[in-house]
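Q: Below is the file work02.pdb, which contains PDB, C-alpha atoms and all ligand atoms.
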ATOM      1  CA  MET A   1      48.579 266.441 122.849
ATOM      2  CA  ALA A   2      50.828 266.066 125.877
ATOM      3  CA  ARG A   3      54.292 267.583 125.628
ATOM      4  CA  VAL A   4      57.191 265.134 125.543
ATOM      5  CA  ALA A   5      59.868 265.302 128.256
ATOM      6  CA  VAL A   6      63.145 263.371 128.124
ATOM      7  CA  VAL A   7      64.988 262.884 131.405
ATOM      8  CA  THR A   8      68.551 261.616 131.040
ATOM      9  CA  GLY A   9      69.579 259.199 133.767
ATOM     10  CA  GLY A  10      65.886 258.972 134.537
ATOM     11  CA  THR A  11      65.754 255.388 135.764
ATOM     12  CA  ARG A  12      67.284 255.908 139.211
ATOM     13  CA  GLY A  13      67.728 258.527 141.946
ATOM     14  CA  ILE A  14      66.891 262.138 141.222
ATOM     15  CA  GLY A  15      66.073 261.373 137.576
ATOM     16  CA  ARG A  16      63.459 258.822 138.541
ATOM     17  CA  ALA A  17      61.771 261.289 140.892
ATOM     18  CA  VAL A  18      61.829 263.879 138.085
ATOM     19  CA  CYS A  19      60.185 261.404 135.693
ATOM     20  CA  GLU A  20      57.433 260.654 138.210
ATOM     21  CA  SER A  21      56.841 264.344 138.917
ATOM     22  CA  LEU A  22      56.637 265.304 135.221
ATOM     23  CA  LEU A  23      54.300 262.375 134.597
ATOM     24  CA  ARG A  24      51.974 263.686 137.333
ATOM     25  CA  ASP A  25      52.137 267.115 135.642
ATOM     26  CA  GLY A  26      50.738 265.590 132.449
ATOM     27  CA  PHE A  27      53.874 265.264 130.310
ATOM     28  CA  THR A  28      54.593 262.201 128.201
ATOM     29  CA  VAL A  29      57.847 261.158 129.830
ATOM     30  CA  VAL A  30      60.802 259.188 128.499
ATOM     31  CA  ALA A  31      63.903 258.247 130.496
ATOM     32  CA  SER A  32      67.410 257.442 129.362
ATOM     33  CA  TYR A  33      70.013 255.338 131.124
ATOM     34  CA  ALA A  34      73.551 254.121 130.546
ATOM     35  CA  GLY A  35      73.761 250.393 131.209
ATOM     36  CA  ASN A  36      71.936 249.197 134.320
ATOM     37  CA  ASP A  37      69.252 247.190 132.490
ATOM     38  CA  GLN A  38      67.869 245.695 135.694
ATOM     39  CA  ALA A  39      67.167 249.100 137.257
ATOM     40  CA  ALA A  40      65.712 250.321 133.948
ATOM     41  CA  GLN A  41      63.378 247.325 133.667
ATOM     42  CA  ALA A  42      62.180 247.744 137.258
ATOM     43  CA  PHE A  43      61.632 251.462 136.578
ATOM     44  CA  THR A  44      59.549 250.771 133.456
ATOM     45  CA  ASP A  45      57.553 248.002 135.177
ATOM     46  CA  GLU A  46      56.774 250.245 138.148
ATOM     47  CA  THR A  47      56.089 253.538 136.362
ATOM     48  CA  GLY A  48      55.031 252.540 132.837
ATOM     49  CA  ILE A  49      57.650 255.001 131.499
ATOM     50  CA  LYS A  50      59.770 253.926 128.512
ATOM     51  CA  ALA A  51      63.537 253.846 129.030
ATOM     52  CA  TYR A  52      66.076 254.202 126.201
ATOM     53  CA  LYS A  53      69.647 253.003 126.636
ATOM     54  CA  PHE A  54      72.328 255.334 125.260
ATOM     55  CA  ASP A  55      75.450 257.077 126.480
ATOM     56  CA  VAL A  56      74.740 260.822 126.686
ATOM     57  CA  GLY A  57      78.465 261.435 126.355
ATOM     58  CA  ASP A  58      78.455 259.877 122.876
ATOM     59  CA  HIS A  59      77.432 262.597 120.422
ATOM     60  CA  GLU A  60      76.299 260.396 117.524
ATOM     61  CA  ALA A  61      74.522 257.891 119.795
ATOM     62  CA  THR A  62      72.636 260.716 121.518
ATOM     63  CA  LEU A  63      71.519 262.289 118.230
ATOM     64  CA  ALA A  64      70.360 258.884 116.958
ATOM     65  CA  ALA A  65      68.502 258.034 120.176
ATOM     66  CA  CYS A  66      66.729 261.403 120.264
ATOM     67  CA  GLN A  67      65.645 260.904 116.652
ATOM     68  CA  ARG A  68      64.259 257.492 117.656
ATOM     69  CA  ILE A  69      62.423 259.052 120.601
ATOM     70  CA  ALA A  70      60.967 261.753 118.324
ATOM     71  CA  ASP A  71      59.800 259.092 115.833
ATOM     72  CA  GLU A  72      58.399 256.687 118.418
ATOM     73  CA  VAL A  73      57.049 259.065 121.079
ATOM     74  CA  GLY A  74      56.911 262.556 119.585
ATOM     75  CA  PRO A  75      58.984 265.718 119.197
ATOM     76  CA  ILE A  76      60.995 266.561 122.316
ATOM     77  CA  ASP A  77      59.660 269.603 124.198
ATOM     78  CA  VAL A  78      61.501 269.275 127.514
ATOM     79  CA  VAL A  79      65.029 268.040 128.152
ATOM     80  CA  VAL A  80      66.196 267.387 131.695
ATOM     81  CA  ASN A  81      69.956 266.902 131.624
ATOM     82  CA  ASN A  82      70.291 264.860 134.774
ATOM     83  CA  ALA A  83      72.659 261.986 133.867
ATOM     84  CA  GLY A  84      75.834 262.304 135.867
ATOM     85  CA  ILE A  85      78.700 260.314 137.314
ATOM     86  CA  THR A  86      81.524 260.811 139.798
ATOM     87  CA  ARG A  87      85.132 259.620 139.506
ATOM     88  CA  ASP A  88      86.546 261.246 142.634
ATOM     89  CA  GLY A  89      90.182 261.630 143.606
ATOM     90  CA  THR A  90      92.659 264.367 144.344
ATOM     91  CA  LEU A  91      94.349 265.853 141.298
ATOM     92  CA  MET A  92      97.530 263.870 141.961
ATOM     93  CA  LYS A  93      95.588 260.601 141.911
ATOM     94  CA  MET A  94      93.096 261.458 139.174
ATOM     95  CA  SER A  95      93.767 259.883 135.781
ATOM     96  CA  PHE A  96      92.982 261.596 132.504
ATOM     97  CA  ASP A  97      90.242 258.986 131.989
ATOM     98  CA  ASP A  98      88.649 259.999 135.324
ATOM     99  CA  TRP A  99      88.715 263.609 134.168
ATOM    100  CA  ASN A 100      87.464 262.864 130.686
ATOM    101  CA  ASP A 101      84.676 260.439 131.663
ATOM    102  CA  VAL A 102      83.140 263.022 133.975
ATOM    103  CA  MET A 103      83.507 265.912 131.513
ATOM    104  CA  ARG A 104      82.053 263.999 128.572
ATOM    105  CA  THR A 105      79.128 262.589 130.565
ATOM    106  CA  ASN A 106      78.190 265.445 132.878
ATOM    107  CA  LEU A 107      78.926 268.415 130.600
ATOM    108  CA  GLY A 108      79.209 266.861 127.139
ATOM    109  CA  GLY A 109      75.865 265.158 127.734
ATOM    110  CA  CYS A 110      74.167 268.557 128.105
ATOM    111  CA  PHE A 111      75.622 269.748 124.801
ATOM    112  CA  ASN A 112      74.657 266.548 122.989
ATOM    113  CA  MET A 113      71.067 266.574 124.237
ATOM    114  CA  ALA A 114      70.656 270.287 123.495
ATOM    115  CA  LYS A 115      72.002 269.756 119.966
ATOM    116  CA  ALA A 116      69.434 267.019 119.440
ATOM    117  CA  ALA A 117      66.414 268.928 120.749
ATOM    118  CA  PHE A 118      67.000 272.680 120.330
ATOM    119  CA  GLU A 119      66.155 273.052 116.646
ATOM    120  CA  GLY A 120      62.770 271.364 117.003
ATOM    121  CA  MET A 121      61.965 273.481 120.048
ATOM    122  CA  LYS A 122      62.908 276.575 118.045
ATOM    123  CA  ASP A 123      60.638 275.555 115.159
ATOM    124  CA  ARG A 124      57.729 274.947 117.538
ATOM    125  CA  LYS A 125      58.521 278.126 119.547
ATOM    126  CA  TRP A 126      58.417 276.337 122.886
ATOM    127  CA  GLY A 127      60.986 274.432 124.899
ATOM    128  CA  ARG A 128      62.416 273.781 128.325
ATOM    129  CA  ILE A 129      65.989 272.706 128.998
ATOM    130  CA  ILE A 130      66.748 272.024 132.639
ATOM    131  CA  ASN A 131      70.291 271.112 133.595
ATOM    132  CA  ILE A 132      71.152 269.437 136.874
ATOM    133  CA  GLY A 133      74.273 271.109 138.236
ATOM    134  CA  SER A 134      75.541 270.741 141.787
ATOM    135  CA  ILE A 135      76.438 272.601 144.933
ATOM    136  CA  ASN A 136      79.952 271.302 144.247
ATOM    137  CA  GLY A 137      79.981 273.161 140.934
ATOM    138  CA  GLN A 138      79.146 276.344 142.826
ATOM    139  CA  ALA A 139      81.443 275.948 145.820
ATOM    140  CA  GLY A 140      84.068 273.418 144.667
ATOM    141  CA  GLN A 141      84.846 270.229 146.557
ATOM    142  CA  TYR A 142      88.072 268.561 147.650
ATOM    143  CA  GLY A 143      88.817 265.544 145.471
ATOM    144  CA  GLN A 144      86.438 266.573 142.687
ATOM    145  CA  VAL A 145      88.257 268.816 140.203
ATOM    146  CA  ASN A 146      86.612 266.889 137.360
ATOM    147  CA  TYR A 147      83.083 266.912 138.793
ATOM    148  CA  ALA A 148      83.259 270.509 140.060
ATOM    149  CA  ALA A 149      84.576 271.715 136.689
ATOM    150  CA  ALA A 150      81.875 269.865 134.746
ATOM    151  CA  LYS A 151      79.085 271.070 137.041
ATOM    152  CA  SER A 152      80.418 274.613 137.063
ATOM    153  CA  GLY A 153      80.506 274.394 133.268
ATOM    154  CA  ILE A 154      76.828 273.453 133.304
ATOM    155  CA  HIS A 155      76.022 276.742 134.961
ATOM    156  CA  GLY A 156      77.867 278.707 132.232
ATOM    157  CA  PHE A 157      76.311 276.555 129.513
ATOM    158  CA  THR A 158      72.878 277.319 130.958
ATOM    159  CA  LYS A 159      73.351 281.090 130.907
ATOM    160  CA  ALA A 160      74.765 281.117 127.379
ATOM    161  CA  LEU A 161      72.091 278.863 125.871
ATOM    162  CA  ALA A 162      69.346 280.778 127.707
ATOM    163  CA  GLN A 163      70.345 283.829 125.669
ATOM    164  CA  GLU A 164      70.067 281.862 122.426
ATOM    165  CA  GLY A 165      66.692 280.347 123.311
ATOM    166  CA  ALA A 166      64.877 283.304 124.838
ATOM    167  CA  ARG A 167      63.275 284.763 121.725
ATOM    168  CA  PHE A 168      62.047 281.346 120.610
ATOM    169  CA  GLY A 169      60.114 280.541 123.783
ATOM    170  CA  ILE A 170      62.840 278.203 125.009
ATOM    171  CA  THR A 171      63.894 278.598 128.628
ATOM    172  CA  VAL A 172      67.172 277.153 129.878
ATOM    173  CA  ASN A 173      67.760 276.846 133.598
ATOM    174  CA  ALA A 174      69.826 274.872 136.066
ATOM    175  CA  ILE A 175      69.140 273.331 139.417
ATOM    176  CA  ALA A 176      72.037 272.982 141.835
ATOM    177  CA  PRO A 177      71.166 270.251 144.329
ATOM    178  CA  GLY A 178      72.918 269.884 147.630
ATOM    179  CA  TYR A 179      73.408 266.405 149.058
ATOM    180  CA  ILE A 180      70.466 264.187 148.106
ATOM    181  CA  ASP A 181      69.754 260.689 149.389
ATOM    182  CA  THR A 182      70.492 258.600 146.241
ATOM    183  CA  ASP A 183      72.877 255.798 145.180
ATOM    184  CA  MET A 184      75.492 258.445 144.319
ATOM    185  CA  VAL A 185      75.548 259.684 147.922
ATOM    186  CA  ALA A 186      75.232 256.142 149.313
ATOM    187  CA  ALA A 187      78.705 255.593 147.822
ATOM    188  CA  VAL A 188      80.137 258.233 150.210
ATOM    189  CA  PRO A 189      81.642 256.625 153.361
ATOM    190  CA  ASP A 190      79.452 257.016 156.502
ATOM    191  CA  THR A 191      82.096 258.990 158.403
ATOM    192  CA  VAL A 192      82.373 261.518 155.542
ATOM    193  CA  LEU A 193      78.590 261.692 155.200
ATOM    194  CA  GLU A 194      78.162 262.492 158.907
ATOM    195  CA  LYS A 195      80.485 265.469 158.473
ATOM    196  CA  ILE A 196      78.569 266.602 155.393
ATOM    197  CA  VAL A 197      75.169 266.401 157.121
ATOM    198  CA  ALA A 198      76.573 268.383 160.069
ATOM    199  CA  LYS A 199      77.159 271.265 157.619
ATOM    200  CA  ILE A 200      73.596 271.274 156.259
ATOM    201  CA  PRO A 201      71.562 273.854 158.214
ATOM    202  CA  VAL A 202      68.307 271.879 157.918
ATOM    203  CA  GLY A 203      70.155 268.899 159.428
ATOM    204  CA  ARG A 204      69.413 266.195 156.862
ATOM    205  CA  LEU A 205      70.016 265.044 153.308
ATOM    206  CA  GLY A 206      67.552 266.191 150.677
ATOM    207  CA  GLN A 207      65.053 263.882 149.013
ATOM    208  CA  ALA A 208      65.022 263.308 145.252
ATOM    209  CA  SER A 209      61.389 264.452 145.182
ATOM    210  CA  GLU A 210      62.490 267.860 146.501
ATOM    211  CA  ILE A 211      64.648 268.360 143.400
ATOM    212  CA  ALA A 212      61.910 266.977 141.169
ATOM    213  CA  ARG A 213      59.372 269.601 142.207
ATOM    214  CA  GLY A 214      61.863 272.314 141.237
ATOM    215  CA  VAL A 215      62.214 270.727 137.811
ATOM    216  CA  SER A 216      58.436 270.515 137.466
ATOM    217  CA  PHE A 217      58.056 274.201 138.181
ATOM    218  CA  LEU A 218      60.739 275.208 135.668
ATOM    219  CA  ALA A 219      59.098 272.945 133.062
ATOM    220  CA  SER A 220      55.639 274.420 133.588
ATOM    221  CA  GLU A 221      53.897 277.215 131.689
ATOM    222  CA  GLU A 222      54.232 279.353 134.836
ATOM    223  CA  GLY A 223      58.017 279.074 134.525
ATOM    224  CA  ALA A 224      58.076 280.910 131.187
ATOM    225  CA  PHE A 225      59.715 284.087 132.545
ATOM    226  CA  ILE A 226      62.525 282.225 134.327
ATOM    227  CA  THR A 227      65.535 281.664 132.117
ATOM    228  CA  GLY A 228      69.279 281.568 132.628
ATOM    229  CA  SER A 229      68.841 281.063 136.333
ATOM    230  CA  THR A 230      70.123 278.514 138.804
ATOM    231  CA  LEU A 231      67.833 277.275 141.529
ATOM    232  CA  SER A 232      69.814 276.060 144.543
ATOM    233  CA  ILE A 233      68.043 273.308 146.498
ATOM    234  CA  ASN A 234      70.471 272.427 149.239
ATOM    235  CA  GLY A 235      68.974 272.794 152.736
ATOM    236  CA  GLY A 236      70.837 276.074 153.190
ATOM    237  CA  GLN A 237      74.294 274.534 152.813
ATOM    238  CA  HIS A 238      75.501 277.108 150.279
ATOM    239  CA  MET A 239      73.943 280.548 149.989
ATOM    240  CA  TYR A 240      74.927 283.315 147.630
TER     241      TYR A 240
HETATM  242  P1  LIG B 301      72.448 258.134 140.358
HETATM  243  O1  LIG B 301      73.852 257.626 140.356
HETATM  244  O2  LIG B 301      71.501 257.659 141.410
HETATM  245  O3  LIG B 301      71.774 257.865 138.905
HETATM  246  C1  LIG B 301      72.465 258.250 137.761
HETATM  247  C2  LIG B 301      71.614 258.035 136.525
HETATM  248  O4  LIG B 301      72.359 258.536 135.398
HETATM  249  C3  LIG B 301      71.353 256.563 136.215
HETATM  250  O5  LIG B 301      70.070 256.446 135.617
HETATM  251  C4  LIG B 301      72.442 256.217 135.205
HETATM  252  O6  LIG B 301      72.113 255.125 134.371
HETATM  253  C5  LIG B 301      72.493 257.513 134.424
HETATM  254  N1  LIG B 301      73.747 257.691 133.692
HETATM  255  C6  LIG B 301      75.009 257.701 134.173
HETATM  256  N2  LIG B 301      75.892 257.875 133.172
HETATM  257  C7  LIG B 301      75.175 257.977 132.024
HETATM  258  C8  LIG B 301      75.505 258.119 130.657
HETATM  259  N3  LIG B 301      76.774 258.232 130.238
HETATM  260  N4  LIG B 301      74.490 258.160 129.751
HETATM  261  C9  LIG B 301      73.206 258.050 130.143
HETATM  262  N5  LIG B 301      72.827 257.916 131.434
HETATM  263  C10 LIG B 301      73.798 257.859 132.354
HETATM  264  O7  LIG B 301      72.597 259.721 140.382
HETATM  265  P2  LIG B 301      71.785 260.827 141.237
HETATM  266  O8  LIG B 301      70.345 260.629 141.097
HETATM  267  O9  LIG B 301      72.387 260.906 142.583
HETATM  268  O10 LIG B 301      72.250 262.153 140.484
HETATM  269  C11 LIG B 301      71.537 262.675 139.370
HETATM  270  C12 LIG B 301      72.176 263.985 138.964
HETATM  271  O11 LIG B 301      72.154 264.896 140.066
HETATM  272  C13 LIG B 301      73.644 263.853 138.549
HETATM  273  O12 LIG B 301      73.904 264.732 137.482
HETATM  274  C14 LIG B 301      74.384 264.286 139.775
HETATM  275  O13 LIG B 301      75.666 264.779 139.461
HETATM  276  C15 LIG B 301      73.464 265.372 140.299
HETATM  277  N6  LIG B 301      73.622 265.659 141.713
HETATM  278  C16 LIG B 301      73.395 264.686 142.637
HETATM  279  C17 LIG B 301      73.556 264.973 143.972
HETATM  280  C18 LIG B 301      73.295 263.955 145.028
HETATM  281  O14 LIG B 301      73.521 264.294 146.202
HETATM  282  N7  LIG B 301      72.818 262.766 144.720
HETATM  283  C19 LIG B 301      73.987 266.299 144.427
HETATM  284  C20 LIG B 301      74.177 267.241 143.368
HETATM  285  C21 LIG B 301      73.997 266.915 142.060
HETATM  286  P3  LIG B 301      72.425 253.592 134.844
HETATM  287  O15 LIG B 301      71.376 253.261 135.875
HETATM  288  O16 LIG B 301      72.290 252.794 133.592
HETATM  289  O17 LIG B 301      73.812 253.596 135.413
END
I'd like the structure from this file rewritten - as structure tokens, please.
A:
Amino acid sequence: MARVAVVTGGTRGIGRAVCESLLRDGFTVVASYAGNDQAAQAFTDETGIKAYKFDVGDHEATLAACQRIADEVGPIDVVVNNAGITRDGTLMKMSFDDWNDVMRTNLGGCFNMAKAAFEGMKDRKWGRIINIGSINGQAGQYGQVNYAAAKSGIHGFTKALAQEGARFGITVNAIAPGYIDTDMVAAVPDTVLEKIVAKIPVGRLGQASEIARGVSFLASEEGAFITGSTLSINGGQHMY
């Protein structure tokens, strides 16, 4: 039977490309989304992939939704923690809500999904947890103390959970994308975007499919010896 992969925020952008890539790899794929029903419906109509609406930042709602997915689709073998938001602003202008929304969604979501899926993976001695971090979690970014902290936290979360999962056949890795051509980046003003692209050695934004192939590799059988690592896919913008 095909393994089941759940991609949070899978209905748009990078998540959608990840869903399509994992589907091609032979996984049974399920997406989650937060509230954009129209995008979710179009996604399901076009791909045939089921989409479940729940807030990954809500612990109880996430546990309940994952139980529903397990009952309706099958036990969860792969989690791709991709759902993420921005609420940018300098520290002086950032409200506590801006801070908290980003922390609970981007970092809290990883904890909630892992809590829901880890035990079953452990029982079945196989699992893949792939967390989507960010170049801005590695290097920091002006006006993003919330986002950079949450994404940086994802990288620590990944390394710690990798140690807990290793002897049960569960790998835990992160991907740190650079700037990718999605709705999130479309929200960046053109003048700012031009300056960003000028700093990318390959001279362009990345494509969602270029992140998706990285996820596919980490989810594959061949990825079994990779755990606790971060794969940077950023056109050479940040190297270390
Ligand atoms: P998009 O804004 O295009 O899509 C975000 C997806 O996440 C949507 O499906 C959205 O659902 C879902 N989502 C948002 N909040 C929640 C929530 N609380 N619960 C469940 N789902 C939620 O994002 P991208 O594709 O650009 O980004 C995907 C990931 O990659 C994010 O984690 C982002 O931080 C990261 N990233 C992106 C980069 C980029 O350049 N684009 C660069 C580096 C990292 P809905 O449609 O209902 O709103």
Q: Counting only C-alpha atoms, figure out which residue out of A:Leu231, A:Lys159, A:Thr47, A:Asp77 gets nearest to A:Asp123.
A: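 Closest candidate: A:Asp77.
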Q: Applying the PyMOL selection byres (((not hetatm)) within 6 of (chain B and resi 301)) to the file I just gave you, which residues come out? Please list them as a PyMOL selection string.
A: chain A and resi 8-15+32-36+54-57+82-85+105+132-134+177-185
Q: Calculate how many Å separate atom CA of A:Asn112 from atom CA of A:Ile69, rounding to one decimal.
A: 14.5 Å
Q: Looking at all atoms listed in the file, which of A:Lys115, A:Ser232, A:Glu46, A:Leu218 is the one that sits closest to A:Asn136?
A: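 Using all atoms listed in the file, the shortest distance to A:Asn136 belongs to A:Ser232.
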Q: Please identify all polymer residues within 10 Å of stretch 19-21 of chain A, counting all atoms listed in the file, omitting same-chain residues fewer than 4 positions from it, and present them as a PyMOL selection string.
A: chain A and resi 5-12+14-15+25-31+47+49+80+209+211-217
Q: Please, which residues are within 12 Å of (59.4, 279.4, 131.2) by the file's coordinates, counting all atoms listed in the file, and could they come as a ChimeraX atom specification?
A: /A:78,125-130,162,165-173,215-229
Q: Selected residues, C-alpha atoms, written as an mmCIF file, in the frame of the given file, please.
A:
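Saved as selection_6.cif:
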data_model
loop_
_atom_site.group_PDB
_atom_site.id
_atom_site.type_symbol
_atom_site.label_atom_id
_atom_site.label_comp_id
_atom_site.auth_asym_id
_atom_site.auth_seq_id
_atom_site.Cartn_x
_atom_site.Cartn_y
_atom_site.Cartn_z
ATOM 1 C CA VAL A 78 61.501 269.275 127.514
ATOM 2 C CA LYS A 125 58.521 278.126 119.547
ATOM 3 C CA TRP A 126 58.417 276.337 122.886
ATOM 4 C CA GLY A 127 60.986 274.432 124.899
ATOM 5 C CA ARG A 128 62.416 273.781 128.325
ATOM 6 C CA ILE A 129 65.989 272.706 128.998
ATOM 7 C CA ILE A 130 66.748 272.024 132.639
ATOM 8 C CA ALA A 162 69.346 280.778 127.707
ATOM 9 C CA GLY A 165 66.692 280.347 123.311
ATOM 10 C CA ALA A 166 64.877 283.304 124.838
ATOM 11 C CA ARG A 167 63.275 284.763 121.725
ATOM 12 C CA PHE A 168 62.047 281.346 120.610
ATOM 13 C CA GLY A 169 60.114 280.541 123.783
ATOM 14 C CA ILE A 170 62.840 278.203 125.009
ATOM 15 C CA THR A 171 63.894 278.598 128.628
ATOM 16 C CA VAL A 172 67.172 277.153 129.878
ATOM 17 C CA ASN A 173 67.760 276.846 133.598
ATOM 18 C CA VAL A 215 62.214 270.727 137.811
ATOM 19 C CA SER A 216 58.436 270.515 137.466
ATOM 20 C CA PHE A 217 58.056 274.201 138.181
ATOM 21 C CA LEU A 218 60.739 275.208 135.668
ATOM 22 C CA ALA A 219 59.098 272.945 133.062
ATOM 23 C CA SER A 220 55.639 274.420 133.588
ATOM 24 C CA GLU A 221 53.897 277.215 131.689
ATOM 25 C CA GLU A 222 54.232 279.353 134.836
ATOM 26 C CA GLY A 223 58.017 279.074 134.525
ATOM 27 C CA ALA A 224 58.076 280.910 131.187
ATOM 28 C CA PHE A 225 59.715 284.087 132.545
ATOM 29 C CA ILE A 226 62.525 282.225 134.327
ATOM 30 C CA THR A 227 65.535 281.664 132.117
ATOM 31 C CA GLY A 228 69.279 281.568 132.628
ATOM 32 C CA SER A 229 68.841 281.063 136.333
#
Q: For A:Leu63, list every protein, DNA or RNA residue within 9 Å, evaluated using all atoms listed in the file, and leave out those in the same chain fewer than 4 positions away; present the list as a CSV table (one decimal) with C-alpha atoms, in the coordinates of the input.
A:
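Below you can see out.csv, which holds the result:
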chain,number,residue,atom,x,y,z
A,58,ASP,CA,78.5,259.9,122.9
A,59,HIS,CA,77.4,262.6,120.4
A,67,GLN,CA,65.6,260.9,116.7
A,68,ARG,CA,64.3,257.5,117.7
A,112,ASN,CA,74.7,266.5,123.0
A,113,MET,CA,71.1,266.6,124.2
A,115,LYS,CA,72.0,269.8,120.0
A,116,ALA,CA,69.4,267.0,119.4
A,117,ALA,CA,66.4,268.9,120.7
Q: Which distance in Å separates atom CA of A:Met94 and atom CA of A:Val192, to one decimal?
A: 19.6 Å
Q: Around the point (75.7, 269.7, 154.6) (coordinates from the file), which residues reach within 8 Å if we count all atoms listed in the file? Answer as a list in words.
A: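 Those residues lying close to the given coordinates are Gly178, Tyr179, Lys195, Ile196, Val197, Ala198, Lys199, Ile200, Pro201, Gly203, Arg204, Leu205, Asn234, Gly235 and Gln237 of chain A.
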Q: Please measure the separation of atom CA of A:Ile233 and atom CA of A:Gly206, giving the value in Å to one decimal.
A: 8.3 Å
Q: Counting all atoms listed in the file, what is within 7 Å of stretch 137-149 of chain A, bar same-chain residues fewer than 2 positions away, as a list in words?
A: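 Returned residues: Thr86, Asp88, Gly89, Thr90, Leu91, Trp99, Val102, Met103, Gly133, Ser134, Ile135, Lys151, Ser152 and Gly153 of chain A.
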